[in-house]
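Below is one structure, written out as structure tokens; the observations come after it.
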Amino acid sequence: MEIGKLDWNDLKEIIDKNRAVKREDVRIRGDIGEDCSVINFGDKECVVSTDPITGADLNSGRLAVHINCNDIASCGVEPVGILVTILAPENSCLEDINKIMEEVSEEAGKLNVEILGGHTEVTKAVNRMVISCTAIGKGEKDKAVATSGAKKDDDIVVTKYLCLEGTSIIVNDFEEKLKDILTTEEIEKAKGYIKHISVVKEGVLSGKFGVNSMHDITEGGLLGALWEVAKASKVGFKVYDDRIPLTEITMKICRKYSVDPLRFISSGSMLITTEDGKGLVHMLKSNGIKASIIGKVTEESYKLVCSGKEKKITPPKSDELFILEEKLK
């Protein structure tokens with residue numbers, strides 16, 4: 001099988017034929033593109049999400065906290081706690097596990113998120129450290145934003161820059177091999193991108209502003225996230241490549257190794273659809289968060305406009321991170 005997420009149709013078939021129970025108190029349930037499930041607890045809702053870290057060696061504890069808390073924030077809800085599972089290979093040591101937990105603790109502290117529990121073991125089942133977290137948030141009844149809420153004619157907004165996560169992972173894990181295309185200053189700057197991969201602030205602010213859909217841009221990049229939002233919402237989209245925010249450091253790496261930045265893992269950027277894109281962008285910028293309108297939600301087609309020419313978008317495939325890692329090994 002190809003490395004990365006399962007084929008969209010294969011995954012949907014597996015999910016749909018294995019739903020033994022559908023409880024009435026589950027308002028938003030797991031589905032393709034939905035970042036979280038939402039459970040009704042009277043006048044409050046519990047928002048839950050889970051994700052592993054498999055594509056990074058350095059900073060994996062930090063990434064584990066943020067990608068999971070980002071999912072909670074994509075519902076417009078503040079995360080309150082996480083559970084952490086660590087599967088360590090036989091050649092690991094106690095220091096490795098302690099370092100991961102120090103990273104988890106530090107990042108969770110920044111977000112005011114409590115470590116609620118978890119599981120740790122050394123196992124032959126893995127050949128590198130695997131970290132999986134479950135994050136939990138609390139919100140008011142019926143207020144959590146669903147991925148599936150995008151509506152025709154919504155503005156499509158993205159926050160900050162795409163590919164911050166992917167660029168940070170690659171530069172941290174393959175620094176020596178990138179010295180021929182990046183300056184020392186650029187390498188240090190790219191390593192620091194990890195400091196900007198939380199989207200909790202913009203998620204909570206956007207939830208209060210009032211938006212129709214949010215989705216954390218993770219594995220599969222922008223085009224994968226757009227596809228998932230469109231499928232979940234039963235709509236289409238048209239976005240413009242010259243409006244998509246990318247750093248010059250990311251572009252240098254992508255040009256050198258023929259990587260598509262629009263399919264490059266991009267935690268640190270939130271995809272939002274709203275009837276009032278200009279108002280949302282203004283509000284986010286007034287709170288110190290860069291935001292860009294990159295296109296519109298349409299009725300059904302999936303299109304990217306490059307140099308004035310429309311290109312049909314194909315379903316998500318293996319993230320460019322895994323392809324780039326193979327090229328750099």
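By order in the structure tokens, chains are A, B, ...; within a chain, residues start at 1; ligands start at 1, following the order shown.
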Checklist line | Residues near A:Met270, cut-off 10 Å, only C-alpha atoms, skip fewer than 5 positions along chain, as a ChimeraX atom specification | finding: /A:70-71,73-74,157-162,197-200,202-203,214-218,222,225,291
Next item on the list: Once DSSP has gone over the backbone, tell me which residues of stretch 103-316 of chain A are in strand (DSSP E or B), as a PyMOL selection string.
Entry: chain A and resi 114-122+130-140+155-159+213-216+236-240+270-274+291-298+302-306+309-312
File of the preceding selection, C-alpha atoms, as a PDB file, in the first residue's frame:
```pdb
ATOM      1  CA  GLU A 114      -3.888  19.297  30.972  1.00  0.00           C
ATOM      2  CA  ILE A 115      -2.258  15.910  30.308  1.00  0.00           C
ATOM      3  CA  LEU A 116      -5.116  13.649  31.425  1.00  0.00           C
ATOM      4  CA  GLY A 117      -3.465  10.255  30.956  1.00  0.00           C
ATOM      5  CA  GLY A 118      -2.198   7.878  28.296  1.00  0.00           C
ATOM      6  CA  HIS A 119      -0.112   4.761  27.731  1.00  0.00           C
ATOM      7  CA  THR A 120       3.598   4.074  27.194  1.00  0.00           C
ATOM      8  CA  GLU A 121       5.338   0.866  26.104  1.00  0.00           C
ATOM      9  CA  VAL A 122       8.375  -0.512  24.298  1.00  0.00           C
ATOM     10  CA  VAL A 130       5.119   6.583  17.369  1.00  0.00           C
ATOM     11  CA  ILE A 131       3.111   9.110  19.380  1.00  0.00           C
ATOM     12  CA  SER A 132      -0.664   9.275  19.278  1.00  0.00           C
ATOM     13  CA  CYS A 133      -2.776  11.757  21.220  1.00  0.00           C
ATOM     14  CA  THR A 134      -6.455  12.198  21.900  1.00  0.00           C
ATOM     15  CA  ALA A 135      -7.544  15.771  22.593  1.00  0.00           C
ATOM     16  CA  ILE A 136     -10.709  16.886  24.350  1.00  0.00           C
ATOM     17  CA  GLY A 137     -12.470  20.244  24.262  1.00  0.00           C
ATOM     18  CA  LYS A 138     -15.548  21.707  25.921  1.00  0.00           C
ATOM     19  CA  GLY A 139     -18.048  24.014  24.253  1.00  0.00           C
ATOM     20  CA  GLU A 140     -21.561  25.381  24.492  1.00  0.00           C
ATOM     21  CA  ASP A 155     -15.236  32.925   0.858  1.00  0.00           C
ATOM     22  CA  ILE A 156     -12.350  30.499   1.409  1.00  0.00           C
ATOM     23  CA  VAL A 157      -9.804  31.833   3.903  1.00  0.00           C
ATOM     24  CA  VAL A 158      -6.474  30.381   5.064  1.00  0.00           C
ATOM     25  CA  THR A 159      -4.453  31.614   8.022  1.00  0.00           C
ATOM     26  CA  SER A 213     -16.722  25.467   8.236  1.00  0.00           C
ATOM     27  CA  MET A 214     -13.173  25.026   9.523  1.00  0.00           C
ATOM     28  CA  HIS A 215     -10.538  22.393   8.813  1.00  0.00           C
ATOM     29  CA  ASP A 216      -6.964  22.093  10.059  1.00  0.00           C
ATOM     30  CA  GLY A 236     -17.159  22.461  -4.814  1.00  0.00           C
ATOM     31  CA  PHE A 237     -14.434  25.087  -4.747  1.00  0.00           C
ATOM     32  CA  LYS A 238     -12.350  27.376  -6.921  1.00  0.00           C
ATOM     33  CA  VAL A 239      -9.040  28.688  -5.525  1.00  0.00           C
ATOM     34  CA  TYR A 240      -6.313  30.812  -7.107  1.00  0.00           C
ATOM     35  CA  MET A 270      -6.504  26.841   9.219  1.00  0.00           C
ATOM     36  CA  LEU A 271      -8.891  26.513   6.260  1.00  0.00           C
ATOM     37  CA  ILE A 272     -12.083  28.474   6.909  1.00  0.00           C
ATOM     38  CA  THR A 273     -15.227  29.137   4.871  1.00  0.00           C
ATOM     39  CA  THR A 274     -17.436  32.081   5.722  1.00  0.00           C
ATOM     40  CA  ALA A 291      -5.158  35.626   6.840  1.00  0.00           C
ATOM     41  CA  SER A 292      -5.834  35.459   3.087  1.00  0.00           C
ATOM     42  CA  ILE A 293      -8.926  34.949   0.926  1.00  0.00           C
ATOM     43  CA  ILE A 294      -7.862  32.377  -1.684  1.00  0.00           C
ATOM     44  CA  GLY A 295     -11.118  31.568  -3.460  1.00  0.00           C
ATOM     45  CA  LYS A 296     -14.804  30.689  -3.282  1.00  0.00           C
ATOM     46  CA  VAL A 297     -16.981  27.716  -2.432  1.00  0.00           C
ATOM     47  CA  THR A 298     -18.824  26.663  -5.599  1.00  0.00           C
ATOM     48  CA  TYR A 302     -13.028  21.209  -7.674  1.00  0.00           C
ATOM     49  CA  LYS A 303     -10.751  23.706  -9.425  1.00  0.00           C
ATOM     50  CA  LEU A 304      -7.386  25.439  -8.997  1.00  0.00           C
ATOM     51  CA  VAL A 305      -6.708  28.480 -11.187  1.00  0.00           C
ATOM     52  CA  CYS A 306      -3.047  28.703 -12.251  1.00  0.00           C
ATOM     53  CA  LYS A 309      -6.096  28.515 -16.505  1.00  0.00           C
ATOM     54  CA  GLU A 310      -8.430  26.227 -14.580  1.00  0.00           C
ATOM     55  CA  LYS A 311      -7.107  22.861 -13.446  1.00  0.00           C
ATOM     56  CA  LYS A 312      -9.334  20.090 -12.089  1.00  0.00           C
TER      57      LYS A 312
END
```
Next item on the list: Go through A:Asp242, A:Glu2, A:Glu165, A:Glu13 one by one, measure the shortest atom-to-atom distance of each to A:His66 using only C-alpha atoms, and give the residue with the smallest value.
Entry: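 Going through A:Asp242, A:Glu2, A:Glu165, A:Glu13 one by one, the smallest distance to A:His66 is for A:Glu165.
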Note to self: Ranking A:Lys191, A:Arg27, A:Lys12, A:Lys124 by minimum distance to A:Ile170 and counting only C-alpha atoms, which one comes first?
What the structure shows: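 Nearest candidate to A:Ile170 out of A:Lys191, A:Arg27, A:Lys12, A:Lys124: A:Lys191.
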Item checked: Residue list (helix (DSSP H, G or I), DSSP) for stretch 120-301 of chain A, as JSON, numbers by chain -> {"A": [147, 148, 149, 164, 165, 166, 167, 168, 169, 170, 171, 172, 173, 176, 177, 178, 184, 185, 186, 187, 188, 189, 190, 191, 192, 193, 194, 195, 196, 200, 201, 202, 203, 204, 205, 206, 207, 208, 209, 221, 222, 223, 224, 225, 226, 227, 228, 229, 230, 231, 232, 233, 241, 242, 243, 248, 249, 250, 251, 252, 253, 254, 255, 256, 261, 262, 263, 277, 278, 279, 280, 281, 282, 283, 284, 285, 286]}
Go ahead and write the selection's residues with C-alpha atoms as a compact mmCIF listing (two decimals), in the first residue's frame.
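File written: result_36.txt
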```
# COMPACT_ATOMS: atom_id res chain seq x y z
CA THR A 147 -16.15 20.62 8.62
CA SER A 148 -19.32 19.76 6.68
CA GLY A 149 -20.85 23.23 7.04
CA LEU A 164 4.99 25.51 8.02
CA GLU A 165 4.84 22.02 9.53
CA GLY A 166 6.29 20.20 6.53
CA THR A 167 9.09 22.72 6.09
CA SER A 168 9.99 22.58 9.78
CA ILE A 169 10.06 18.76 9.80
CA ILE A 170 12.27 18.54 6.72
CA VAL A 171 14.75 21.20 7.84
CA ASN A 172 15.03 19.78 11.36
CA ASP A 173 15.48 16.18 10.15
CA GLU A 176 22.90 18.99 6.46
CA LYS A 177 21.42 18.05 3.09
CA LEU A 178 19.68 21.40 2.72
CA THR A 184 22.25 29.43 7.80
CA GLU A 185 19.75 32.16 8.62
CA GLU A 186 17.03 30.48 6.53
CA ILE A 187 17.68 27.10 8.18
CA GLU A 188 17.28 28.58 11.65
CA LYS A 189 14.16 30.46 10.58
CA ALA A 190 12.61 27.29 9.11
CA LYS A 191 13.39 25.31 12.26
CA GLY A 192 11.45 27.97 14.13
CA TYR A 193 8.30 27.45 12.05
CA ILE A 194 7.27 24.84 14.62
CA LYS A 195 6.56 27.74 16.99
CA HIS A 196 3.75 28.83 14.67
CA VAL A 200 -5.97 27.31 18.49
CA LYS A 201 -6.10 31.11 18.67
CA GLU A 202 -7.54 31.61 15.18
CA GLY A 203 -9.89 28.65 15.60
CA VAL A 204 -11.45 29.97 18.80
CA LEU A 205 -11.61 33.55 17.45
CA SER A 206 -13.21 32.39 14.19
CA GLY A 207 -15.74 30.30 16.09
CA LYS A 208 -16.82 33.40 18.02
CA PHE A 209 -16.87 35.48 14.81
CA GLY A 221 -1.90 19.80 2.35
CA LEU A 222 -4.24 22.51 1.14
CA LEU A 223 -5.69 20.54 -1.76
CA GLY A 224 -6.36 17.54 0.47
CA ALA A 225 -8.09 19.77 3.02
CA LEU A 226 -10.19 21.47 0.34
CA TRP A 227 -11.20 18.09 -1.04
CA GLU A 228 -12.26 16.87 2.40
CA VAL A 229 -14.27 20.02 3.16
CA ALA A 230 -15.96 19.87 -0.25
CA LYS A 231 -16.83 16.18 0.06
CA ALA A 232 -18.11 16.56 3.61
CA SER A 233 -20.18 19.64 2.68
CA ASP A 241 -2.64 29.86 -6.89
CA ASP A 242 -1.44 33.48 -6.83
CA ARG A 243 -3.43 34.13 -3.64
CA GLU A 248 10.24 31.78 0.15
CA ILE A 249 12.04 29.11 2.20
CA THR A 250 9.27 26.61 1.49
CA MET A 251 9.33 27.51 -2.20
CA LYS A 252 13.12 27.01 -2.42
CA ILE A 253 12.79 23.47 -1.05
CA CYS A 254 9.79 22.65 -3.23
CA ARG A 255 11.47 23.92 -6.42
CA LYS A 256 14.72 22.06 -5.71
CA PRO A 261 3.52 22.75 -1.85
CA LEU A 262 -0.26 22.46 -2.15
CA ARG A 263 -0.07 18.78 -1.14
CA GLY A 277 -14.27 36.71 4.25
CA LYS A 278 -13.20 40.35 4.41
CA GLY A 279 -14.65 40.77 7.88
CA LEU A 280 -12.96 37.58 9.11
CA VAL A 281 -9.59 38.56 7.64
CA HIS A 282 -9.85 42.01 9.25
CA MET A 283 -10.74 40.50 12.64
CA LEU A 284 -7.88 37.99 12.51
CA LYS A 285 -5.35 40.60 11.41
CA SER A 286 -6.46 42.89 14.25
```
Next item on the list: Show which residues sit within 10 Å of A:Val48, as a VMD selection string. Count only C-alpha atoms, and ignore same-chain residues fewer than 5 positions away.
Entry: chain A and resid 29 to 30 35 to 39 68 to 69 71 to 72 75 79 81 to 82 134 to 138
Next item on the list: Kindly indicate which residue among A:Ile67, A:Gly109, A:Leu58, A:Arg128 lies nearest to A:Asn91, using only C-alpha atoms for the distances.
Entry: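 Closest candidate: A:Arg128.
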